[in-house]
$ cat data_24.csv   # CSV, C-alpha atoms
chain,number,residue,atom,x,y,z
A,1,MET,CA,-11.2,-35.1,26.6
A,2,PRO,CA,-11.5,-38.7,25.1
A,3,ALA,CA,-8.6,-41.0,26.0
A,4,ALA,CA,-8.1,-41.8,22.3
A,5,THR,CA,-7.5,-38.1,21.6
A,6,LEU,CA,-4.9,-37.9,24.4
A,7,SER,CA,-3.2,-41.1,23.2
A,8,ALA,CA,-3.1,-39.8,19.6
A,9,PHE,CA,-1.6,-36.5,20.8
A,10,ILE,CA,1.1,-38.4,22.7
A,11,ARG,CA,2.0,-40.7,19.8
A,12,GLY,CA,2.1,-37.7,17.5
A,13,HIS,CA,4.6,-35.7,19.6
A,14,LEU,CA,6.7,-38.3,21.4
A,15,ALA,CA,8.7,-41.3,20.3
A,16,PRO,CA,9.6,-44.5,22.1
A,17,GLY,CA,12.9,-44.1,23.9
A,18,ARG,CA,14.6,-45.7,26.9
A,19,SER,CA,15.4,-44.8,30.5
A,20,VAL,CA,19.1,-43.8,30.8
A,21,LEU,CA,19.7,-45.8,34.0
A,22,GLU,CA,17.3,-48.7,33.2
A,23,PRO,CA,17.5,-49.0,29.4
A,24,ASP,CA,15.3,-52.1,29.4
A,25,LEU,CA,12.4,-49.9,30.4
A,26,ARG,CA,11.0,-48.1,27.3
A,27,LEU,CA,9.2,-44.8,27.5
A,28,TYR,CA,7.5,-42.3,25.2
A,29,LEU,CA,9.8,-39.3,25.3
A,30,ALA,CA,10.4,-36.0,23.7
A,31,THR,CA,13.2,-36.1,21.1
A,32,GLU,CA,13.4,-32.4,20.5
A,33,ILE,CA,12.4,-30.3,23.5
A,34,THR,CA,11.7,-26.8,22.1
A,35,PRO,CA,9.6,-28.0,19.1
A,36,LEU,CA,7.5,-30.1,21.6
A,37,TRP,CA,6.9,-27.1,23.9
A,38,GLN,CA,6.0,-24.9,20.9
A,39,ALA,CA,3.7,-27.6,19.3
A,40,THR,CA,1.9,-28.3,22.5
A,41,GLU,CA,1.5,-24.7,23.8
A,42,GLY,CA,-1.7,-24.0,22.0
A,43,PHE,CA,-3.2,-27.4,22.6
A,44,LEU,CA,-2.4,-27.2,26.3
A,45,ALA,CA,-3.7,-23.7,26.7
A,46,THR,CA,-6.9,-24.6,24.9
A,47,HIS,CA,-7.5,-27.6,27.2
A,48,ASP,CA,-6.2,-25.9,30.4
A,49,LEU,CA,-3.4,-28.4,30.8
A,50,ALA,CA,0.0,-28.1,32.4
A,51,PRO,CA,3.4,-27.9,30.5
A,52,PRO,CA,4.6,-31.3,29.2
A,53,PHE,CA,6.6,-32.5,32.1
A,54,TRP,CA,5.3,-36.0,31.3
A,55,ALA,CA,7.5,-36.0,28.2
A,56,PHE,CA,10.8,-36.5,30.0
A,57,ALA,CA,12.4,-39.0,32.4
A,58,TRP,CA,13.4,-36.7,35.3
A,59,PRO,CA,16.4,-37.5,37.4
A,60,GLY,CA,14.5,-38.3,40.6
A,61,SER,CA,12.4,-40.9,38.8
A,62,GLU,CA,15.5,-42.3,37.1
A,63,ALA,CA,17.2,-42.8,40.4
A,64,LEU,CA,14.1,-44.4,41.9
A,65,ALA,CA,13.9,-46.8,39.0
A,66,ARG,CA,17.5,-47.8,39.4
A,67,HIS,CA,17.2,-48.2,43.2
A,68,ILE,CA,14.1,-50.5,42.8
A,69,THR,CA,15.9,-52.6,40.3
A,70,LEU,CA,18.9,-53.0,42.7
A,71,HIS,CA,16.6,-53.6,45.7
A,72,PRO,CA,13.4,-55.3,44.4
A,73,THR,CA,12.3,-56.4,47.9
A,74,LEU,CA,11.6,-52.7,48.6
A,75,VAL,CA,8.3,-53.1,46.6
A,76,ARG,CA,7.9,-56.8,45.9
A,77,GLY,CA,4.4,-58.0,46.8
A,78,LEU,CA,3.4,-54.6,47.9
A,79,ARG,CA,0.8,-52.0,46.9
A,80,VAL,CA,2.8,-49.1,45.4
A,81,LEU,CA,2.0,-45.5,44.6
A,82,ASP,CA,4.2,-43.5,42.2
A,83,PHE,CA,3.1,-40.0,43.3
A,84,ALA,CA,3.3,-37.0,40.8
A,85,ALA,CA,4.4,-39.7,38.4
A,86,GLY,CA,4.8,-37.9,35.1
A,87,GLY,CA,5.4,-40.7,32.7
A,88,GLY,CA,5.5,-43.3,35.5
A,89,LEU,CA,9.1,-44.5,35.3
A,90,ALA,CA,9.3,-45.5,39.0
A,91,ALA,CA,5.9,-47.2,38.7
A,92,LEU,CA,7.2,-49.3,35.7
A,93,ALA,CA,10.3,-50.3,37.7
A,94,ALA,CA,8.1,-51.3,40.7
A,95,ALA,CA,5.8,-53.4,38.5
A,96,ARG,CA,8.8,-55.1,36.9
A,97,ALA,CA,10.2,-55.8,40.4
A,98,GLY,CA,7.1,-57.8,41.4
A,99,ALA,CA,4.9,-55.3,43.2
A,100,ALA,CA,1.4,-56.7,43.8
A,101,HIS,CA,-0.4,-53.6,42.6
A,102,VAL,CA,1.0,-50.3,41.2
A,103,GLU,CA,-0.7,-47.0,40.8
A,104,ALA,CA,0.9,-44.0,39.1
A,105,ALA,CA,-0.9,-40.7,40.1
A,106,ASP,CA,-0.7,-37.3,38.4
A,107,ILE,CA,-3.1,-34.4,38.0
A,108,ASP,CA,-2.5,-34.1,34.3
A,109,PRO,CA,-4.7,-36.1,32.0
A,110,LEU,CA,-1.8,-36.2,29.4
A,111,ALA,CA,0.4,-37.8,32.0
A,112,GLY,CA,-2.2,-40.4,32.5
A,113,ALA,CA,-2.2,-41.2,28.8
A,114,VAL,CA,1.6,-41.4,28.8
A,115,ILE,CA,1.6,-43.7,31.8
A,116,SER,CA,-0.9,-46.1,30.1
A,117,LEU,CA,1.1,-46.1,26.9
A,118,ASN,CA,4.4,-46.7,28.7
A,119,ALA,CA,2.9,-49.6,30.6
A,120,GLU,CA,1.6,-51.1,27.4
A,121,LEU,CA,5.0,-50.5,25.8
A,122,ASN,CA,6.7,-52.6,28.5
A,123,ASN,CA,3.9,-55.1,28.9
A,124,LEU,CA,3.6,-54.1,32.6
A,125,ALA,CA,0.5,-53.6,34.8
A,126,VAL,CA,0.4,-50.0,36.0
A,127,SER,CA,-2.9,-48.2,36.8
A,128,ALA,CA,-2.9,-44.5,35.9
A,129,ARG,CA,-4.8,-42.3,38.4
A,130,ILE,CA,-5.6,-38.8,37.5
A,131,GLU,CA,-6.3,-37.1,40.8
A,132,ASP,CA,-4.7,-34.9,43.4
A,133,LEU,CA,-4.2,-37.4,46.2
A,134,VAL,CA,-3.0,-34.9,48.8
A,135,GLY,CA,-5.1,-35.3,51.9
A,136,HIS,CA,-6.1,-38.9,51.2
A,137,PRO,CA,-5.3,-41.5,53.8
A,138,PRO,CA,-2.7,-43.9,52.5
A,139,THR,CA,-4.1,-47.1,51.2
A,140,TRP,CA,-0.7,-48.3,49.8
A,141,ASP,CA,2.2,-50.0,51.4
A,142,ILE,CA,4.8,-47.6,50.0
A,143,ILE,CA,4.9,-44.3,48.2
A,144,LEU,CA,7.6,-43.4,45.6
A,145,VAL,CA,8.1,-39.7,44.9
A,146,GLY,CA,10.6,-38.5,42.3
A,147,ASP,CA,11.7,-34.9,41.8
A,148,VAL,CA,8.7,-32.9,43.1
A,149,CYS,CA,10.3,-30.0,45.0
A,150,TYR,CA,11.1,-27.7,42.0
A,151,GLU,CA,8.5,-25.0,42.8
A,152,ALA,CA,7.6,-23.5,46.1
A,153,PRO,CA,3.8,-23.9,45.8
A,154,MET,CA,4.1,-27.5,44.8
A,155,ALA,CA,6.4,-28.3,47.7
A,156,ALA,CA,4.2,-26.5,50.1
A,157,HIS,CA,1.1,-28.3,48.9
A,158,ILE,CA,2.5,-31.9,49.0
A,159,MET,CA,5.2,-32.1,51.7
A,160,PRO,CA,2.9,-31.9,54.8
A,161,TRP,CA,0.8,-34.8,53.4
A,162,LEU,CA,3.8,-36.9,52.4
A,163,ARG,CA,5.3,-36.4,55.9
A,164,ALA,CA,2.0,-37.4,57.5
A,165,CYS,CA,2.0,-40.5,55.3
A,166,SER,CA,5.6,-41.3,56.3
A,167,ALA,CA,4.4,-41.9,59.9
A,168,LYS,CA,2.4,-44.9,58.6
A,169,ILE,CA,4.2,-46.3,55.5
A,170,PRO,CA,7.6,-45.8,53.8
A,171,VAL,CA,7.8,-42.7,51.6
A,172,ILE,CA,10.8,-42.8,49.4
A,173,MET,CA,11.8,-39.5,47.8
A,174,GLY,CA,14.3,-38.9,45.0
A,175,ASP,CA,15.8,-35.4,45.1
A,176,PRO,CA,18.5,-34.0,42.6
A,177,GLY,CA,19.1,-30.9,44.7
A,178,ARG,CA,16.0,-28.9,44.0
A,179,LYS,CA,15.6,-25.6,45.7
A,180,TYR,CA,12.5,-26.4,47.7
A,181,ARG,CA,13.3,-29.8,49.0
A,182,PRO,CA,12.9,-30.3,52.8
A,183,GLN,CA,15.8,-29.2,54.9
A,184,SER,CA,15.8,-32.5,56.9
A,185,PRO,CA,14.1,-35.0,54.6
A,186,GLY,CA,15.0,-38.1,56.6
A,187,GLU,CA,17.2,-41.2,56.3
A,188,ARG,CA,19.5,-41.2,53.3
A,189,LEU,CA,19.3,-44.4,51.3
A,190,ALA,CA,21.6,-43.9,48.3
A,191,THR,CA,22.9,-41.5,45.8
A,192,TYR,CA,22.8,-42.0,42.0
A,193,LYS,CA,24.5,-40.0,39.2
A,194,VAL,CA,22.0,-39.4,36.5
A,195,PRO,CA,22.9,-38.2,33.0
A,196,THR,CA,20.7,-35.2,32.0
A,197,LEU,CA,19.9,-33.0,29.0
A,198,ARG,CA,21.4,-29.5,29.1
A,199,GLU,CA,18.1,-28.1,27.7
A,200,LEU,CA,16.4,-29.2,31.0
A,201,GLU,CA,19.2,-29.0,33.6
A,202,ASP,CA,22.3,-26.9,34.2
A,203,GLY,CA,24.8,-29.7,33.5
A,204,ASP,CA,25.4,-33.1,31.9
A,205,PHE,CA,24.3,-35.0,35.1
A,206,ARG,CA,22.6,-34.6,38.4
A,207,GLU,CA,23.4,-36.4,41.7
A,208,VAL,CA,20.1,-37.7,43.0
A,209,THR,CA,19.8,-38.6,46.7
A,210,LEU,CA,17.1,-41.0,47.8
A,211,PHE,CA,15.6,-40.4,51.2
A,212,ARG,CA,13.1,-42.3,53.3
A,213,LEU,CA,11.0,-39.4,54.4
A,214,THR,CA,10.4,-38.8,58.1
A,215,PRO,CA,7.4,-37.1,59.8

$ encode --input "data_24.csv" --output "structure tokens"
Amino acid sequence: MPAATLSAFIRGHLAPGRSVLEPDLRLYLATEITPLWQATEGFLATHDLAPPFWAFAWPGSEALARHITLHPTLVRGLRVLDFAAGGGLAALAAARAGAAHVEAADIDPLAGAVISLNAELNNLAVSARIEDLVGHPPTWDIILVGDVCYEAPMAAHIMPWLRACSAKIPVIMGDPGRKYRPQSPGERLATYKVPTLRELEDGDFREVTLFRLTP
């Protein structure tokens, strides 16, 4: 599908908003959740695309963005991967903190379009990469992973690879208490309280714990 078509679709269904923990970072976001899901259902089915997870700033990414802002040396001067990035919030924070090169990877072409639009909105350099990177040897200095353990198949697919990567480079994972997170993820770095939407979560906030994953 042409990039211009994807971008036009995003602009037609999302509106510029802001991160709740890092309001200086602007994002294309859904303003009314149910209408977006209904409006996109036919389009996504026709083009064999996933539900619009890219339309929201999920708690794990919010916490990662905040942590990077508070600890910019975590990424400064490094090659950074924001894995399963959605709209790329953690990638934006890394680019703003002075990372040497930032990639935001997702398997959904619409996520790639959102990442590019969000980078443009913030005047930040982030490269969208539409590819399943599981199994690739790490070519980055650090991997950021926000809120990916919400489904068993997803967790089973990505966690062995992320653990293998963690033996070579830091892998920082944000988890808001999802059911399928690893039982022993690793070193706890910080916990952040993230305001959420009741349409997406079961309360007004989530406590997100950041871990440095261990093999």

$ residues_around --input "data_24.csv" --residues "Leu78 in chain A" --least-positions-apart "6" --cutoff "7 Å" --atoms "only C-alpha atoms" --output "list in words"
Ala99, Ala100, His101 and Asp141 of chain A

$ write_last_selection --input "data_24.csv" --atoms "C-alpha atoms" --output "mmCIF file, in the frame of the given file"
data_model
loop_
_atom_site.group_PDB
_atom_site.id
_atom_site.type_symbol
_atom_site.label_atom_id
_atom_site.label_comp_id
_atom_site.auth_asym_id
_atom_site.auth_seq_id
_atom_site.Cartn_x
_atom_site.Cartn_y
_atom_site.Cartn_z
ATOM 1 C CA ALA A 99 4.900 -55.300 43.200
ATOM 2 C CA ALA A 100 1.400 -56.700 43.800
ATOM 3 C CA HIS A 101 -0.400 -53.600 42.600
ATOM 4 C CA ASP A 141 2.200 -50.000 51.400
#

$ atom_distance --input "data_24.csv" --atom1 "CA of Gly60 in chain A" --atom2 "CA of Val171 in chain A"
13.6 Å

$ closest_residue --input "data_24.csv" --among "A:Ala93, A:Ile143, A:Leu6, A:Met154" --to "Asp24 in chain A" --atoms "all atoms listed in the file"
A:Ala93

$ closest_residue --input "data_24.csv" --among "A:Gly87, A:Ile115, A:Thr5, A:Ile142" --to "Trp58 in chain A" --atoms "all atoms listed in the file"
A:Gly87

$ residues_around --input "data_24.csv" --residues "Pro16 in chain A" --least-positions-apart "3" --cutoff "8 Å" --atoms "all atoms listed in the file" --output "PyMOL selection string"
chain A and resi 26-29

$ closest_residue --input "data_24.csv" --among "A:Ile172, A:Ala3, A:Ala152, A:Leu25" --to "Ala57 in chain A" --atoms "all atoms listed in the file"
A:Leu25

$ residues_near_point --input "data_24.csv" --point "(11.5, -55.5, 45.5)" --cutoff "10 Å" --atoms "only C-alpha atoms" --output "PyMOL selection string"
chain A and resi 67-78+93-99

$ closest_residue --input "data_24.csv" --among "A:Met173, A:Ile10, A:Ala90, A:Leu124" --to "Asp147 in chain A" --atoms "all atoms listed in the file"
A:Met173

$ closest_residue --input "data_24.csv" --among "A:Leu21, A:Lys168, A:Phe56, A:Asp175" --to "Tyr150 in chain A" --atoms "all atoms listed in the file"
A:Asp175
